[in-house]
file final05.cif (mmCIF, C-alpha atoms)
data_input
#
loop_
_atom_site.label_atom_id
_atom_site.label_comp_id
_atom_site.auth_asym_id
_atom_site.auth_seq_id
_atom_site.Cartn_x
_atom_site.Cartn_y
_atom_site.Cartn_z
CA MET A 27 215.21 27.43 113.96
CA ARG A 28 217.59 24.49 114.24
CA ALA A 29 216.52 20.94 113.48
CA LEU A 30 217.88 17.52 112.63
CA VAL A 31 216.99 16.68 109.04
CA VAL A 32 217.28 13.53 106.94
CA ASP A 33 220.66 13.18 105.21
CA HIS A 34 221.05 10.48 102.56
CA SER A 35 224.78 11.10 102.10
CA GLU A 36 227.55 9.06 103.69
CA ALA A 37 227.71 11.70 106.44
CA GLY A 38 224.10 10.89 107.45
CA PRO A 39 221.65 9.65 108.56
CA VAL A 40 220.84 13.11 109.97
CA ARG A 41 222.44 16.55 110.00
CA PHE A 42 221.68 19.93 111.51
CA ALA A 43 219.97 22.53 109.36
CA ASP A 44 218.15 25.83 109.72
CA VAL A 45 214.49 25.30 108.84
CA ASP A 46 211.33 27.37 108.81
CA GLU A 47 209.36 27.81 111.98
CA PRO A 48 206.34 25.48 112.16
CA VAL A 49 202.94 27.05 111.55
CA PRO A 50 200.34 25.21 113.67
CA SER A 51 196.89 24.54 112.26
CA THR A 52 193.86 25.39 114.37
CA GLY A 53 193.99 21.90 115.89
CA GLU A 54 197.70 21.83 116.69
CA ALA A 55 199.73 23.00 119.68
CA LEU A 56 203.18 24.57 119.35
CA VAL A 57 205.66 22.73 121.56
CA GLU A 58 209.14 23.92 122.50
CA ILE A 59 211.25 20.77 122.50
CA ARG A 60 213.60 20.17 125.44
CA HIS A 61 214.63 16.56 124.78
CA ILE A 62 214.57 14.18 121.82
CA CYS A 63 214.77 10.38 121.81
CA LEU A 64 216.49 8.35 119.09
CA ASN A 65 215.00 5.16 117.65
CA PHE A 66 216.93 2.51 115.75
CA GLY A 67 214.30 2.07 113.04
CA GLU A 68 213.93 5.69 111.99
CA LEU A 69 217.73 6.06 111.73
CA ASN A 70 218.61 2.69 110.19
CA TYR A 71 215.89 2.99 107.54
CA VAL A 72 216.30 6.70 106.90
CA HIS A 73 216.00 6.14 103.14
CA GLN A 74 212.25 5.81 103.67
CA TRP A 75 212.03 9.55 104.43
CA PRO A 76 212.76 12.40 101.98
CA ALA A 77 216.14 14.11 102.19
CA GLY A 78 216.01 17.43 104.05
CA ALA A 79 212.83 16.63 105.99
CA VAL A 80 212.85 17.31 109.72
CA HIS A 81 213.25 13.83 111.19
CA GLY A 82 212.29 12.06 114.40
CA HIS A 83 209.12 11.09 116.20
CA ASP A 84 209.75 11.08 119.95
CA ALA A 85 210.45 14.09 122.17
CA ALA A 86 209.31 16.05 125.20
CA GLY A 87 208.92 19.74 125.91
CA VAL A 88 206.58 22.53 126.93
CA VAL A 89 203.50 23.90 125.16
CA VAL A 90 204.26 27.51 124.20
CA ARG A 91 201.03 28.03 122.26
CA ALA A 92 197.88 26.00 122.80
CA ALA A 93 195.77 24.83 119.86
CA SER A 94 193.60 27.74 118.76
CA ASP A 95 190.48 25.57 118.59
CA GLY A 96 190.69 25.04 122.35
CA SER A 97 191.64 21.38 122.19
CA GLY A 98 194.59 19.87 124.02
CA PRO A 99 196.76 21.11 126.87
CA PRO A 100 197.11 24.81 127.73
CA GLU A 101 200.22 26.94 127.39
CA GLY A 102 202.93 26.00 129.90
CA THR A 103 202.00 22.31 130.08
CA ARG A 104 204.87 19.83 130.06
CA VAL A 105 204.19 17.21 127.40
CA ALA A 106 205.59 14.03 125.89
CA VAL A 107 205.46 13.78 122.09
CA GLY A 108 204.97 10.26 120.84
CA MET A 109 205.17 8.92 117.29
CA ALA A 110 204.59 12.39 115.82
CA PRO A 111 206.48 13.49 112.67
CA HIS A 112 209.19 16.17 112.54
CA ALA A 113 209.84 16.08 116.30
CA TRP A 114 213.62 16.61 116.28
CA ALA A 115 213.53 20.39 116.13
CA GLU A 116 213.57 23.32 118.52
CA ARG A 117 209.81 23.71 118.05
CA VAL A 118 207.15 21.48 116.54
CA ALA A 119 203.44 21.73 115.74
CA VAL A 120 201.67 18.68 117.15
CA SER A 121 198.11 17.41 117.29
CA PRO A 122 196.95 17.03 120.92
CA ALA A 123 196.12 13.41 120.03
CA SER A 124 199.87 12.71 119.95
CA LEU A 125 200.62 14.40 123.29
CA GLY A 126 200.69 13.12 126.83
CA THR A 127 200.70 15.50 129.79
CA VAL A 128 203.74 14.86 131.99
CA PRO A 129 202.78 14.65 135.69
CA GLU A 130 204.73 16.33 138.44
CA GLY A 131 207.63 14.19 139.58
CA VAL A 132 208.30 12.74 136.12
CA ASP A 133 211.46 14.07 134.47
CA LEU A 134 210.89 15.44 130.97
CA ALA A 135 213.90 13.49 129.71
CA ASP A 136 212.33 10.24 130.94
CA ALA A 137 209.03 11.21 129.30
CA ALA A 138 210.84 11.69 125.98
CA ALA A 139 211.96 8.05 126.11
CA LEU A 140 208.39 6.71 125.99
CA GLY A 141 207.15 7.40 122.46
CA ILE A 142 207.51 4.59 119.95
CA ALA A 143 209.11 2.09 122.33
CA GLY A 144 206.74 2.45 125.26
CA VAL A 145 203.57 2.69 123.19
CA THR A 146 204.58 -0.32 121.06
CA ALA A 147 205.20 -2.47 124.14
CA LEU A 148 201.92 -1.42 125.75
CA ARG A 149 199.81 -1.96 122.63
CA VAL A 150 201.19 -5.45 121.99
CA LEU A 151 200.90 -6.60 125.60
CA ARG A 152 197.28 -5.44 125.71
CA LYS A 153 196.35 -7.95 123.02
CA ARG A 154 195.46 -10.58 125.63
CA SER A 155 195.25 -11.15 129.37
CA LEU A 156 198.73 -11.82 130.73
CA LEU A 157 197.88 -12.84 134.29
CA ALA A 158 199.79 -16.05 135.07
CA ARG A 159 200.77 -16.36 131.39
CA ASP A 160 204.25 -17.14 130.05
CA VAL A 161 205.63 -14.23 128.02
CA LEU A 162 208.87 -14.10 126.02
CA ILE A 163 210.48 -10.74 125.23
CA THR A 164 213.27 -10.93 122.64
CA GLY A 165 215.82 -8.15 122.31
CA ALA A 166 214.93 -7.39 125.91
CA SER A 167 217.88 -5.04 126.45
CA GLY A 168 216.56 -2.57 123.85
CA GLY A 169 214.07 0.24 124.30
CA VAL A 170 210.91 -1.74 123.51
CA GLY A 171 212.27 -4.69 125.45
CA HIS A 172 212.94 -2.72 128.63
CA PHE A 173 209.40 -1.36 128.66
CA ALA A 174 207.86 -4.71 127.71
CA VAL A 175 209.59 -6.57 130.55
CA GLN A 176 208.25 -4.09 133.09
CA LEU A 177 204.72 -3.94 131.67
CA ALA A 178 204.38 -7.72 131.32
CA ALA A 179 205.52 -8.18 134.91
CA LEU A 180 203.05 -5.52 136.10
CA ALA A 181 200.28 -7.44 134.32
CA GLY A 182 201.11 -10.60 136.24
CA ALA A 183 202.97 -12.52 133.56
CA ARG A 184 205.88 -14.90 134.04
CA VAL A 185 208.47 -13.03 132.00
CA THR A 186 211.41 -14.54 130.12
CA ALA A 187 213.84 -11.97 128.70
CA LEU A 188 216.08 -13.01 125.80
CA VAL A 189 219.24 -10.99 125.09
CA GLY A 190 222.17 -11.32 122.72
CA SER A 191 224.94 -11.63 125.30
CA PRO A 192 225.43 -11.91 129.08
CA GLU A 193 226.57 -8.28 129.14
CA ARG A 194 223.17 -7.13 127.88
CA ALA A 195 221.32 -8.93 130.68
CA ALA A 196 222.17 -6.32 133.31
CA GLY A 197 219.19 -4.96 135.23
CA LEU A 198 216.47 -7.02 133.56
CA ARG A 199 215.68 -9.11 136.63
CA GLU A 200 215.30 -5.92 138.64
CA LEU A 201 212.77 -4.71 136.05
CA GLY A 202 210.65 -7.83 136.50
CA ALA A 203 212.10 -10.62 134.37
CA ASP A 204 211.79 -14.03 136.03
CA ARG A 205 214.52 -15.44 133.77
CA VAL A 206 217.10 -13.93 131.46
CA LEU A 207 218.43 -16.10 128.62
CA THR A 208 221.02 -15.66 125.89
CA ASP A 209 219.80 -18.69 123.91
CA LEU A 210 216.22 -19.87 123.54
CA ALA A 211 217.50 -23.46 123.54
CA GLU A 212 218.25 -22.96 127.24
CA THR A 213 214.58 -23.54 128.05
CA GLY A 214 211.93 -26.03 127.05
CA ASP A 215 209.08 -23.80 128.18
CA ARG A 216 206.14 -22.88 125.97
CA PHE A 217 205.07 -19.26 125.69
CA ASP A 218 201.58 -17.80 125.41
CA LEU A 219 202.82 -14.53 123.92
CA VAL A 220 206.10 -13.57 122.26
CA LEU A 221 207.04 -9.94 121.64
CA ASP A 222 209.85 -10.10 119.08
CA THR A 223 212.08 -7.18 118.11
CA VAL A 224 214.86 -9.23 116.51
CA GLY A 225 213.41 -11.14 113.55
CA GLY A 226 215.43 -13.62 111.49
CA PRO A 227 215.97 -17.24 112.58
CA LEU A 228 214.83 -16.38 116.10
CA VAL A 229 211.23 -16.12 114.90
CA ALA A 230 211.29 -19.75 113.75
CA GLN A 231 212.80 -20.75 117.10
CA ALA A 232 210.13 -18.84 118.98
CA TRP A 233 207.43 -20.47 116.88
CA SER A 234 208.61 -23.90 117.97
CA SER A 235 208.35 -22.70 121.59
CA LEU A 236 204.84 -21.28 121.23
CA ALA A 237 202.05 -22.79 123.30
CA GLU A 238 198.69 -23.78 121.83
CA GLY A 239 196.66 -20.62 121.24
CA GLY A 240 199.79 -18.51 121.58
CA SER A 241 200.86 -15.63 119.36
CA ILE A 242 204.09 -14.02 118.18
CA HIS A 243 203.98 -10.27 117.63
CA LEU A 244 206.64 -8.96 115.26
CA VAL A 245 207.58 -5.38 116.16
CA GLY A 246 211.07 -5.17 114.66
CA TYR A 247 213.81 -6.97 112.76
CA SER A 248 217.06 -5.66 114.21
CA SER A 249 218.94 -8.79 113.10
CA GLY A 250 218.37 -7.91 109.45
CA GLN A 251 218.21 -11.64 108.70
CA GLU A 252 215.61 -13.69 106.87
CA THR A 253 213.26 -16.07 108.62
CA THR A 254 212.95 -19.61 107.24
CA PHE A 255 210.59 -22.19 108.70
CA PRO A 256 211.44 -25.89 108.46
CA SER A 257 209.10 -27.98 106.33
CA GLY A 258 205.93 -28.76 108.26
CA ALA A 259 206.66 -26.31 111.07
CA LEU A 260 203.54 -24.24 110.31
CA PHE A 261 201.23 -27.24 110.52
CA GLY A 262 199.85 -28.39 113.85
CA PHE A 263 196.90 -29.70 115.83
CA GLY A 264 195.22 -28.06 118.79
CA GLU A 265 194.24 -24.46 119.38
CA PRO A 266 195.59 -22.31 116.53
CA ARG A 267 198.78 -20.35 116.97
CA SER A 268 199.41 -17.08 115.15
CA ILE A 269 202.04 -14.61 113.96
CA ALA A 270 200.99 -10.96 113.91
CA THR A 271 202.74 -8.00 112.34
CA TYR A 272 202.78 -4.59 113.99
CA GLY A 273 202.50 -1.18 112.40
CA ASP A 274 199.99 0.76 114.46
CA MET A 275 200.47 4.46 113.70
CA THR A 276 197.23 5.71 115.29
CA PRO A 277 197.48 8.64 117.75
CA THR A 278 199.39 7.80 120.91
CA GLY A 279 198.00 10.28 123.45
CA GLY A 280 195.97 7.70 125.38
CA GLU A 281 198.83 5.27 125.77
CA LEU A 282 201.28 8.04 126.65
CA THR A 283 198.93 9.19 129.41
CA ASP A 284 198.72 5.65 130.81
CA LEU A 285 202.49 5.16 130.69
CA LEU A 286 203.19 8.54 132.29
CA GLY A 287 200.75 7.67 135.04
CA LEU A 288 202.67 4.48 135.77
CA MET A 289 205.89 6.50 135.85
CA ALA A 290 204.41 9.01 138.28
CA ALA A 291 203.31 6.14 140.53
CA GLY A 292 206.83 4.69 140.52
CA ARG A 293 205.71 1.52 138.74
CA LEU A 294 207.50 2.12 135.43
CA SER A 295 211.01 3.44 134.80
CA ALA A 296 212.46 4.89 131.64
CA PRO A 297 215.30 2.80 130.16
CA VAL A 298 217.63 5.71 129.37
CA GLY A 299 220.97 4.11 128.57
CA LEU A 300 222.63 7.23 127.17
CA ARG A 301 221.95 10.89 127.94
CA GLY A 302 223.74 13.68 126.10
CA ASP A 303 223.46 16.89 124.09
CA TRP A 304 221.88 16.89 120.65
CA GLN A 305 225.01 18.57 119.30
CA ASP A 306 226.64 15.14 119.78
CA VAL A 307 224.01 13.28 117.79
CA GLY A 308 226.64 11.76 115.50
CA ASP A 309 228.34 9.97 118.40
CA ALA A 310 224.96 8.89 119.75
CA VAL A 311 223.95 7.38 116.40
CA GLN A 312 227.23 5.46 116.20
CA ALA A 313 226.71 4.09 119.71
CA LEU A 314 223.17 3.05 118.78
CA PHE A 315 224.26 1.22 115.62
CA ALA A 316 227.14 -0.46 117.47
CA ARG A 317 224.68 -1.83 120.07
CA LYS A 318 226.62 -0.11 122.84
CA VAL A 319 223.55 1.33 124.52
CA HIS A 320 221.21 -0.66 126.75
CA GLY A 321 217.83 1.06 126.47
CA LYS A 322 217.04 4.45 124.96
CA ILE A 323 219.14 7.42 123.90
CA VAL A 324 217.84 10.82 125.06
CA LEU A 325 219.50 14.04 123.89
CA ASP A 326 218.98 17.47 125.41
CA VAL A 327 218.05 20.27 123.00
CA ALA A 328 220.20 23.30 123.73
#

call {"tool": "encode", "arguments": {"input": "final05.cif", "output": "structure tokens"}}
result
Amino acid sequence: MRALVVDHSEAGPVRFADVDEPVPSTGEALVEIRHICLNFGELNYVHQWPAGAVHGHDAAGVVVRAASDGSGPPEGTRVAVGMAPHAWAERVAVSPASLGTVPEGVDLADAAALGIAGVTALRVLRKRSLLARDVLITGASGGVGHFAVQLAALAGARVTALVGSPERAAGLRELGADRVLTDLAETGDRFDLVLDTVGGPLVAQAWSSLAEGGSIHLVGYSSGQETTFPSGALFGFGEPRSIATYGDMTPTGGELTDLLGLMAAGRLSAPVGLRGDWQDVGDAVQALFARKVHGKIVLDVA
């Protein structure tokens, strides 16, 4: 079968290859993949995966063989694959714990966009009650950011979205952002929770804007820059503030089910900024690295 595999050469980060068919264990379903979703991290840091390995974690398709132990969805079920390895292939063996059943009315391509971005946003925003809280989402025009803005607004938060340029602000107010900024210095507000996807100097800026008892959750570092705190910045009186890292790789089925339910109810939309064919993955990767796409990239598997 055809798959996108890790390529460490200059032609990379991925290339097409013919690979062996997956052989599901007794606790795995065989899923025919219809759509895949690209993520910046897995492509930008491709050196962390072995050359030639089937790459990718997010996809959507149809169960063509249910798990033989009776667990998980039956044959014919439409499913979203989230944060599961080796997903960018024509077929993949997946534990039911990493699958979410796609309800009627939800497009499979939209379901493919959930995965890492949607689950990350949901898990971070569940860390505390957000009702009437002030929440800052940095890198709000990206995949995690688009989901986080919507979910924070649904939870009753006052949402500030921070983007890199006015052009990247499009649509964020419609998703639930109360304010959209291009510079954190534009506001003197204090935030109870910060979901940061950018890293670098922005983390130190966000720290200075954090309310007592507030927390910054670091889920990415797309800037590639170092973070330096001014002398004394990490000392303070009052209720303690915190910075938390994120790297939760536990099964995503529960969160996928919740997110798909919100989609089916019309309360959550998929931020698909580019839709194409997986044969054009090279162009899609270039667009992703050039920051030309607002939201997620979903590619159809021929």

call {"tool": "closest_residue", "arguments": {"input": "final05.cif", "among": "A:Glu68, A:Asp44, A:Glu116, A:Asp160", "to": "Ala203 (chain A)", "atoms": "all atoms listed in the file"}}
result
A:Asp160

call {"tool": "residues_around", "arguments": {"input": "final05.cif", "residues": "region 277-289 of chain A", "least_positions_apart": "2", "cutoff": "12 Å", "atoms": "only C-alpha atoms", "output": "count of residues only"}}
result
59

call {"tool": "resolve_selection", "arguments": {"input": "final05.cif", "expression": "the PyMOL selection byres ((chain A and resi 222-231) around 7)", "output": "ChimeraX atom specification"}}
result
/A:163-165,220-221,232-235,243-255

call {"tool": "closest_residue", "arguments": {"input": "final05.cif", "among": "A:Asn70, A:Thr276, A:Thr271, A:Ser35", "to": "Gln312 (chain A)", "atoms": "all atoms listed in the file"}}
result
A:Asn70

call {"tool": "closest_residue", "arguments": {"input": "final05.cif", "among": "A:Phe315, A:Tyr71, A:Phe263, A:Trp114", "to": "Arg41 (chain A)", "atoms": "all atoms listed in the file"}}
result
A:Trp114

call {"tool": "resolve_selection", "arguments": {"input": "final05.cif", "expression": "the PyMOL selection byres ((chain A and resi 202) around 10)", "output": "list in words"}}
result
His172, Ala174, Val175, Gln176, Leu177, Ala178, Ala179, Leu180, Gly182, Ala183, Arg184, Val185, Thr186, Ala187, Gly197, Leu198, Arg199, Glu200, Leu201, Ala203, Asp204 and Arg205 of chain A

call {"tool": "closest_residue", "arguments": {"input": "final05.cif", "among": "A:Pro50, A:Val311, A:Glu238, A:Asp306", "to": "Ala328 (chain A)", "atoms": "all atoms listed in the file"}}
result
A:Asp306

call {"tool": "closest_residue", "arguments": {"input": "final05.cif", "among": "A:Ala158, A:Val319, A:Val118, A:Val90", "to": "Glu193 (chain A)", "atoms": "only C-alpha atoms"}}
result
A:Val319

call {"tool": "resolve_selection", "arguments": {"input": "final05.cif", "expression": "the PyMOL selection byres ((chain A and resi 209) around 8)", "output": "PDB file with C-alpha atoms, in the coordinates of the input"}}
result
ATOM      1  CA  LEU A 188     216.080 -13.010 125.800  1.00  0.00           C
ATOM      2  CA  VAL A 189     219.240 -10.990 125.090  1.00  0.00           C
ATOM      3  CA  GLY A 190     222.170 -11.320 122.720  1.00  0.00           C
ATOM      4  CA  LEU A 207     218.430 -16.100 128.620  1.00  0.00           C
ATOM      5  CA  THR A 208     221.020 -15.660 125.890  1.00  0.00           C
ATOM      6  CA  LEU A 210     216.220 -19.870 123.540  1.00  0.00           C
ATOM      7  CA  ALA A 211     217.500 -23.460 123.540  1.00  0.00           C
ATOM      8  CA  GLU A 212     218.250 -22.960 127.240  1.00  0.00           C
TER       9      GLU A 212
END

call {"tool": "atom_distance", "arguments": {"input": "final05.cif", "atom1": "CA of Glu54 (chain A)", "atom2": "CA of Val31 (chain A)"}}
result
21.4 Å

call {"tool": "residues_around", "arguments": {"input": "final05.cif", "residues": "Phe42 (chain A)", "least_positions_apart": "2", "cutoff": "12 Å", "atoms": "all atoms listed in the file", "output": "list in words"}}
result
Met27, Arg28, Ala29, Leu30, Val31, Val32, Asp33, Ala37, Gly38, Pro39, Val40, Asp44, Val45, Gly78, Ala79, Val80, His81, Trp114, Ala115, Glu116, Trp304, Gln305, Asp306, Val307 and Gly308 of chain A

call {"tool": "atom_distance", "arguments": {"input": "final05.cif", "atom1": "CA of Asp303 (chain A)", "atom2": "CA of Val327 (chain A)"}}
result
6.5 Å

call {"tool": "atom_distance", "arguments": {"input": "final05.cif", "atom1": "CA of Pro192 (chain A)", "atom2": "CA of Leu69 (chain A)"}}
result
26.1 Å

call {"tool": "axis_aligned_box", "arguments": {"input": "final05.cif", "around": "region 52-62 of chain A", "padding_each_side": "4 Å", "output": "JSON"}}
result
{"center_x": 204.2, "center_y": 19.8, "center_z": 119.9, "size_x": 28.8, "size_y": 19.2, "size_z": 19.1}

call {"tool": "residues_around", "arguments": {"input": "final05.cif", "residues": "Lys318 (chain A)", "least_positions_apart": "6", "cutoff": "10 Å", "atoms": "all atoms listed in the file", "output": "list of chain:residue names"}}
result
A:Arg194, A:Gly299, A:Leu300, A:Ala310, A:Gln312

call {"tool": "closest_residue", "arguments": {"input": "final05.cif", "among": "A:Val57, A:Ile323, A:Leu260, A:Leu162", "to": "Phe217 (chain A)", "atoms": "only C-alpha atoms"}}
result
A:Leu162
